[in-house]
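Data block below; observations after.
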Amino acid sequence: MRATAVVAAIVVVLVAIASCGEEPGMHNTITQDEAAKRGEDYLRQAIMALPPQARPEPFGPITFDPCDDPTDRGPRGRVEVSHRYKINGLPPAENSRHIDLVKQWWESHGWRVLSDDRRTNGRHLWVENTADSFHMSITSNPGNELYIGVTSPCVWPKGTPEPTGTALPEPASSGDQPAVAQPPQPKPVARRRRPTHDEDEEDLSLRETWKKRPRRQQ
């Protein structure tokens, strides 16, 4: 029994050391397409908590935004997948009650409330899924419009970490410096004779033709 306990303790320590050495965010995730599908499922489930006359209308396309400022301090190259719906067909005067219905559904299905901002001219409720860190919100704005949205955590587009750059080459040692090539010396340019009147017109025509040619991309 004692030997088994010692072995188990060693395994726990090794796992902890390995996890500490892993760079934040450098692990497999669901793909961006899977995140879009999961977010859409979450939206439809939450909308089902509203009265049956609610008519959801997509508010813009699904977006795949760069995750440039991630909360896990992980690498760039990942994306956040977001989608929103506008809810039509419900009495605007009862928006707060409708938000409470969605809030009750969220709290009973594994979501925790992050903020519930009640304003004189609207309300904004923000929640997080405790299992996969998806975020959702439902908002009534000053115009009495009701919106519900979802945002995924940072995910790799294809589900696996991708390199963000190539390593710089190692500097050469002081005793083995590579030879530095000397720049070629410019050749002397022969002096042109002054062109005649006919040559001036031909040269001007060539220059105008050259200006009209499209520039090559660098």
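For the structure tokens, the naming scheme is as follows: chains receive sequential letters (A, B, ...) according to their order of presentation, residues are indexed from 1 within each chain, and ligands are indexed from 1 in presentation order.
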
TODO: Do a neighbour search on Val102 (chain A) at 9 Å with only C-alpha atoms, toss out local chain neighbours closer than 3 positions, and write the hits as a list in words.
DONE: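 Counting only C-alpha atoms, the residues come to Ala46, Ile47, Met48, Ala49, Leu50, Arg97, His98, Ile99, Trp105, Trp106, Glu107 and Ile138 of chain A.
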
Open item on the list: Can you tell me which residues surround region 147-153 of chain A at a distance of at most 9 Å, considering only C-alpha atoms, apart from same-chain residues fewer than 2 positions away, and format the answer as a PyMOL selection string?
Closed with: chain A and resi 32+35-36+38-40+42-43+46-47+56+59+67+70+79-87+132-141+145+155

- [ ] For Arg112 (chain A), list every protein, DNA or RNA residue within 9 Å, evaluated using only C-alpha atoms, and leave out those in the same chain fewer than 5 positions away; present the list as a list in words.
- [x] Trp106, Glu107, Trp126, Val127, Glu128, Asn129 and Thr130 of chain A

Print the selection's residues with C-alpha atoms to a file, as an mmCIF file, in the first residue's frame.
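In the end it all went to out12.cif:
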```cif
data_model
loop_
_atom_site.group_PDB
_atom_site.id
_atom_site.type_symbol
_atom_site.label_atom_id
_atom_site.label_comp_id
_atom_site.auth_asym_id
_atom_site.auth_seq_id
_atom_site.Cartn_x
_atom_site.Cartn_y
_atom_site.Cartn_z
ATOM 1 C CA TRP A 106 -28.758 29.432 -18.462
ATOM 2 C CA GLU A 107 -28.359 29.038 -14.695
ATOM 3 C CA TRP A 126 -23.385 38.203 -19.773
ATOM 4 C CA VAL A 127 -22.773 34.510 -18.928
ATOM 5 C CA GLU A 128 -20.102 31.834 -19.331
ATOM 6 C CA ASN A 129 -20.373 28.092 -19.892
ATOM 7 C CA THR A 130 -18.540 26.383 -17.042
#
```

- [ ] Rank A:Pro75, A:Pro66, A:Gly110, A:Thr120 by their smallest atom-to-atom distance to Gly143 (chain A), using only C-alpha atoms, and report the top residue only.
- [x]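 Answer, going by the shortest atom-to-atom distance: A:Thr120.
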
Open item on the list: For the structure I just gave you, how does DSSP split region 26-66 of chain A - specifically, which residues are strand (DSSP E)? Reply as a PyMOL selection string.
Closed with: chain A and resi 55-58+63-66

Task: Computed interatomic separation between CA of Asp116 (chain A) and CA of Cys154 (chain A) (Å) - done: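 Straight-line distance from CA of Asp116 (chain A) to CA of Cys154 (chain A) works out to 23.6 Å.
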
Task: Of the listed residues A:Pro142, A:Lys103, A:Gln53, A:Ile62, that which approaches Arg119 (chain A) most closely, counting only C-alpha atoms - done: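 Closest to Arg119 (chain A) of all the choices is A:Pro142.
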
TODO: Would you please give, as an MDAnalysis selection string, all residues of region 13-134 of chain A that DSSP assigns to helix (DSSP H, G or I) based on the backbone?
DONE: chainID A and resid 13:21 32:47 92:107
